[in-house]
>>> print(open('upload-v3.tsv').read())   # TSV, C-alpha atoms
chain	number	residue	atom	x	y	z
A	411	MET	CA	0.00	0.00	0.00
A	412	ALA	CA	1.23	3.48	-0.83
A	413	ILE	CA	-0.30	6.62	0.65
A	414	ASP	CA	0.69	10.00	-0.74
A	415	LEU	CA	-1.08	12.91	0.95
A	416	ALA	CA	0.78	15.51	-1.07
A	417	SER	CA	-1.00	17.97	-3.29
A	418	HIS	CA	-0.12	20.49	-6.00
A	419	TYR	CA	1.52	22.67	-3.38
A	420	LYS	CA	3.49	19.82	-1.80
A	421	ASP	CA	6.82	21.66	-1.78
A	422	ASP	CA	5.36	24.39	0.40
A	423	LEU	CA	3.22	22.02	2.48
A	424	ALA	CA	6.11	20.04	3.96
A	425	SER	CA	7.83	23.17	5.23
A	426	LYS	CA	4.58	24.51	6.72
A	427	LEU	CA	3.92	21.22	8.52
A	428	GLU	CA	7.44	21.14	9.92
A	429	LEU	CA	7.35	24.77	11.05
A	430	ILE	CA	3.97	24.31	12.79
A	431	ARG	CA	5.16	21.08	14.44
A	432	SER	CA	8.23	22.90	15.75
A	433	ALA	CA	6.10	25.76	17.09
A	434	ILE	CA	3.78	23.34	18.90
A	435	GLN	CA	6.72	21.52	20.49
A	436	ALA	CA	8.35	24.80	21.57
A	437	SER	CA	5.02	26.34	22.72
A	438	ARG	CA	5.64	29.37	20.52
A	439	CYS	CA	2.99	31.36	18.65
A	440	ILE	CA	2.91	31.39	14.87
A	441	SER	CA	2.01	34.30	12.64
A	442	PHE	CA	0.86	34.22	9.04
A	443	HIS	CA	-1.10	36.06	6.39
A	444	TYR	CA	-4.45	34.35	5.79
A	445	TYR	CA	-6.79	34.49	2.77
A	446	TYR	CA	-10.46	33.63	3.33
A	447	GLU	CA	-13.94	34.31	2.03
A	448	LYS	CA	-14.28	37.66	3.79
A	449	GLY	CA	-10.86	38.93	2.68
A	450	GLU	CA	-7.41	38.54	4.16
A	451	ALA	CA	-5.75	39.26	7.47
A	452	ASP	CA	-2.60	38.81	9.50
A	453	LYS	CA	-3.08	36.19	12.22
A	454	LEU	CA	-1.29	35.33	15.44
A	455	ILE	CA	-2.26	31.98	16.94
A	456	GLU	CA	-1.20	29.52	19.58
A	457	PRO	CA	-0.97	26.31	17.53
A	458	CYS	CA	-2.40	23.16	19.16
A	459	GLN	CA	-2.64	20.54	16.47
A	460	ILE	CA	-2.12	19.76	12.80
A	461	VAL	CA	-5.29	18.29	11.29
A	462	PHE	CA	-5.96	16.43	8.04
A	463	LYS	CA	-9.70	16.64	7.29
A	464	TRP	CA	-11.94	17.08	4.28
A	465	SER	CA	-8.99	16.24	1.99
A	466	ASP	CA	-6.93	19.17	3.26
A	467	TRP	CA	-4.36	20.09	5.91
A	468	TYR	CA	-5.20	22.57	8.68
A	469	VAL	CA	-3.63	24.07	11.79
A	470	PHE	CA	-5.92	24.19	14.81
A	471	GLY	CA	-5.12	26.79	17.42
A	472	PHE	CA	-6.18	29.61	19.66
A	473	CYS	CA	-6.55	32.90	17.75
A	474	ARG	CA	-5.50	35.76	19.97
A	475	GLN	CA	-7.47	38.33	17.97
A	476	ARG	CA	-10.72	36.35	18.04
A	477	ARG	CA	-10.11	34.96	21.53
A	478	ASP	CA	-11.30	31.56	20.35
A	479	PHE	CA	-10.09	28.31	18.84
A	480	ARG	CA	-10.01	28.25	15.04
A	481	LEU	CA	-9.10	25.95	12.19
A	482	TYR	CA	-6.93	27.43	9.39
A	483	LYS	CA	-6.41	25.77	6.02
A	484	LEU	CA	-2.69	25.53	5.23
A	485	ARG	CA	-3.21	26.30	1.53
A	486	ARG	CA	-4.63	29.68	2.51
A	487	LEU	CA	-1.89	30.77	4.88
A	488	TRP	CA	1.36	32.37	3.73
A	489	ASN	CA	4.37	34.08	5.22
A	490	LEU	CA	4.25	31.60	8.07
A	491	ARG	CA	6.79	32.10	10.83
A	492	ILE	CA	7.39	31.10	14.42
A	493	THR	CA	7.39	34.10	16.74
A	494	GLN	CA	9.37	34.54	19.95
A	495	GLU	CA	6.10	34.81	21.85
A	496	PRO	CA	5.59	31.82	24.16
A	497	PHE	CA	2.23	30.43	25.26
A	498	SER	CA	0.99	27.96	27.81
A	499	PRO	CA	-1.09	25.17	26.27
A	500	ARG	CA	-4.80	25.74	26.85
A	501	ASP	CA	-7.49	23.24	27.65
A	502	VAL	CA	-9.52	22.82	24.48
A	503	PRO	CA	-13.27	22.51	25.07
A	504	GLN	CA	-14.61	19.21	23.72
A	505	GLU	CA	-17.04	20.93	21.32
A	506	LYS	CA	-14.10	22.75	19.69
A	507	ARG	CA	-12.39	19.41	18.98
A	508	ARG	CA	-15.32	18.29	16.82
A	509	PHE	CA	-14.01	20.10	13.76
A	510	GLY	CA	-16.82	21.24	11.49
A	511	SER	CA	-19.62	20.27	13.87
A	512	HIS	CA	-21.03	23.80	13.59
A	513	MET	CA	-21.52	23.29	9.85
A	514	THR	CA	-24.85	21.79	8.87
A	515	ASP	CA	-26.06	20.69	5.48
A	516	ASP	CA	-29.67	21.74	5.92
A	517	TYR	CA	-30.19	23.88	2.80
A	518	MET	CA	-31.77	21.25	0.53
A	519	VAL	CA	-31.44	21.51	-3.26
A	520	THR	CA	-32.71	19.21	-6.02
A	521	ALA	CA	-31.07	18.92	-9.42
A	522	VAL	CA	-30.66	16.68	-12.45
A	523	TYR	CA	-27.24	15.88	-13.87
A	524	ASP	CA	-25.97	14.66	-17.20
A	525	PRO	CA	-24.94	10.99	-16.91
A	526	CYS	CA	-21.37	11.87	-17.90
A	527	VAL	CA	-20.79	13.39	-14.43
A	528	LYS	CA	-21.93	10.30	-12.51
A	529	TYR	CA	-18.36	9.64	-11.37
A	530	ARG	CA	-18.25	13.03	-9.62
A	531	LEU	CA	-21.50	12.40	-7.78
A	532	VAL	CA	-20.30	8.96	-6.69
A	533	GLU	CA	-16.94	10.40	-5.59
A	534	GLU	CA	-18.61	13.05	-3.46
A	535	TYR	CA	-21.72	11.29	-2.15
A	536	GLY	CA	-21.52	7.58	-3.03
A	537	PRO	CA	-23.26	5.37	-5.62
A	538	ASP	CA	-26.70	5.60	-3.97
A	539	CYS	CA	-26.89	9.40	-3.96
A	540	PHE	CA	-29.00	9.77	-7.11
A	541	THR	CA	-31.89	8.18	-8.97
A	542	GLU	CA	-31.42	7.45	-12.64
A	543	GLN	CA	-34.31	8.86	-14.68
A	544	ALA	CA	-35.85	7.23	-17.78
A	545	ASP	CA	-33.92	9.68	-20.01
A	546	GLY	CA	-30.63	8.72	-18.32
A	547	ARG	CA	-30.24	11.93	-16.33
A	548	LEU	CA	-29.39	11.62	-12.65
A	549	TYR	CA	-31.80	13.12	-10.11
A	550	ALA	CA	-30.42	14.03	-6.70
A	551	GLN	CA	-31.32	16.00	-3.61
A	552	TRP	CA	-28.94	16.86	-0.79
A	553	GLY	CA	-28.07	19.61	1.61
A	554	PHE	CA	-25.50	22.39	1.55
A	555	THR	CA	-24.08	24.51	4.35
A	556	THR	CA	-25.03	27.78	2.62
A	557	LYS	CA	-26.79	28.97	-0.52
A	558	GLU	CA	-23.49	30.40	-1.74
A	559	ARG	CA	-21.74	27.02	-1.40
A	560	ALA	CA	-24.57	25.41	-3.33
A	561	VAL	CA	-24.19	27.89	-6.20
A	562	GLU	CA	-20.42	27.27	-6.29
A	563	TRP	CA	-20.98	23.49	-6.35
A	564	PHE	CA	-23.47	23.62	-9.22
A	565	LEU	CA	-21.44	26.10	-11.28
A	566	GLY	CA	-18.60	23.57	-11.20
A	567	PHE	CA	-20.72	21.29	-13.39
A	568	GLY	CA	-21.23	23.91	-16.11
A	569	HIS	CA	-24.02	22.89	-18.47
A	570	LYS	CA	-24.07	19.32	-17.12
A	571	VAL	CA	-26.56	20.14	-14.31
A	572	LYS	CA	-29.96	21.79	-14.01
A	573	VAL	CA	-31.10	22.97	-10.59
A	574	LEU	CA	-34.79	22.25	-10.05
A	575	GLY	CA	-35.45	23.75	-6.67
A	576	PRO	CA	-36.07	25.45	-4.41
A	577	PRO	CA	-37.20	28.34	-6.66
A	578	GLU	CA	-34.87	30.78	-4.93
A	579	MET	CA	-31.88	28.57	-5.84
A	580	VAL	CA	-33.03	28.44	-9.47
A	581	GLU	CA	-33.05	32.26	-9.44
A	582	ARG	CA	-29.61	32.39	-7.81
A	583	MET	CA	-28.26	30.08	-10.51
A	584	LYS	CA	-29.78	32.21	-13.26
A	585	ALA	CA	-28.20	35.32	-11.74
A	586	ALA	CA	-24.79	33.64	-11.38
A	587	LEU	CA	-24.89	32.36	-14.96
A	588	GLU	CA	-25.95	35.79	-16.25
A	589	ALA	CA	-23.06	37.41	-14.35
A	590	ALA	CA	-20.64	34.90	-15.90
A	591	ARG	CA	-22.14	35.53	-19.34
A	592	ASN	CA	-21.67	39.30	-18.87
A	593	LEU	CA	-17.96	38.75	-18.28
A	594	TYR	CA	-17.68	37.66	-21.91
A	595	GLY	CA	-20.05	40.23	-23.41
A	596	THR	CA	-23.19	39.52	-25.39
>>> encode(input="upload-v3.tsv", output="structure tokens")
Amino acid sequence: MAIDLASHYKDDLASKLELIRSAIQASRCISFHYYYEKGEADKLIEPCQIVFKWSDWYVFGFCRQRRDFRLYKLRRLWNLRITQEPFSPRDVPQEKRRFGSHMTDDYMVTAVYDPCVKYRLVEEYGPDCFTEQADGRLYAQWGFTTKERAVEWFLGFGHKVKVLGPPEMVERMKAALEAARNLYGT
């Protein structure tokens, strides 16, 4: 058996993992520049643990600015360095150790997919996640954490998916597709 957890940024990943590991062992804070949905910011955290979850690497630690434990994706953090600032390891509340437990998939969306993308549906949700229709299209319904995440997911299928509902999601898809169309002119 061979397991390779590297990714396209593997050269940078190894050094980040080693630096974070060293900071944890030395009980030193780390600082980095972080890119996220709301923008970007400089962060100073007390690193607790390196986590591999959802097919990505993260550092879990106490954010001094937010005064709370947070999970940071390594692919989004840059200019990582160990500071001279020491910290005493904190007790992590049990609910904070259940990474992602605050995220729920309760925004339900139905769609039909072209059969050529069956492999992607199976990869993401398993072989029983859809119902094959008489015309060969694949009907599925599942939840998303947010409406925005749902739009991003469906746009990734291009013209190989049609969102059926709820009506508000159909309208969001139309608006997103119109915005993309406007990027290229009429």
>>> residues_around(input="upload-v3.tsv", residues="Tyr445 of chain A", least_positions_apart="4", cutoff="10 Å", atoms="all atoms listed in the file", output="list in words")
Gly449, Glu450, Ala451, Asp452, Tyr482, Lys483, Arg485, Arg486, Leu487 and Trp488 of chain A
>>> atom_distance(input="upload-v3.tsv", atom1="atom CA of Arg500 of chain A", atom2="atom CA of Gly471 of chain A")
9.5 Å
>>> residues_around(input="upload-v3.tsv", residues="Lys528 of chain A", least_positions_apart="3", cutoff="12 Å", atoms="all atoms listed in the file", output="JSON, numbers by chain")
{"A": [522, 523, 524, 525, 531, 532, 533, 534, 535, 536, 537, 538, 539, 540, 541, 542, 546, 547, 548, 549, 550, 567, 570, 571]}
>>> atom_distance(input="upload-v3.tsv", atom1="atom CA of Leu587 of chain A", atom2="atom CA of Gly568 of chain A")
9.3 Å
>>> residues_near_point(input="upload-v3.tsv", point="(1.5, 33.9, 12.3)", cutoff="6 Å", atoms="all atoms listed in the file", output="count of residues only")
7
>>> axis_aligned_box(input="upload-v3.tsv", around="segment 570-585 of chain A", padding_each_side="6 Å", output="AutoDock Vina command-line options")
--center_x -30.6 --center_y 27.3 --center_z -10.8 --size_x 25.1 --size_y 28.0 --size_z 24.7
>>> atom_distance(input="upload-v3.tsv", atom1="atom CA of Val461 of chain A", atom2="atom CA of Trp552 of chain A")
26.6 Å
>>> residues_around(input="upload-v3.tsv", residues="Asp515 of chain A", least_positions_apart="2", cutoff="10 Å", atoms="only C-alpha atoms", output="PyMOL selection string")
chain A and resi 513+517-518+552-556
>>> closest_residue(input="upload-v3.tsv", among="A:Ala586, A:Ala521, A:Cys473, A:Cys526", to="Val573 of chain A", atoms="all atoms listed in the file")
A:Ala521
>>> closest_residue(input="upload-v3.tsv", among="A:Met583, A:Ala433, A:Cys439, A:Cys458", to="Pro499 of chain A", atoms="all atoms listed in the file")
A:Cys458
>>> residues_around(input="upload-v3.tsv", residues="Arg508 of chain A", least_positions_apart="5", cutoff="12 Å", atoms="all atoms listed in the file", output="PDB file with C-alpha atoms, keeping the file's coordinate frame")
ATOM      1  CA  VAL A 461      -5.290  18.290  11.290  1.00  0.00           C
ATOM      2  CA  LYS A 463      -9.700  16.640   7.290  1.00  0.00           C
ATOM      3  CA  PHE A 470      -5.920  24.190  14.810  1.00  0.00           C
ATOM      4  CA  PHE A 479     -10.090  28.310  18.840  1.00  0.00           C
ATOM      5  CA  ARG A 480     -10.010  28.250  15.040  1.00  0.00           C
ATOM      6  CA  LEU A 481      -9.100  25.950  12.190  1.00  0.00           C
ATOM      7  CA  VAL A 502      -9.520  22.820  24.480  1.00  0.00           C
ATOM      8  CA  PRO A 503     -13.270  22.510  25.070  1.00  0.00           C
ATOM      9  CA  MET A 513     -21.520  23.290   9.850  1.00  0.00           C
TER      10      MET A 513
END
>>> closest_residue(input="upload-v3.tsv", among="A:Lys557, A:Arg438, A:Lys426, A:His443", to="Ser498 of chain A", atoms="only C-alpha atoms")
A:Arg438
>>> closest_residue(input="upload-v3.tsv", among="A:Met579, A:Leu484, A:Ile460, A:Ile492", to="Ser437 of chain A", atoms="all atoms listed in the file")
A:Ile492
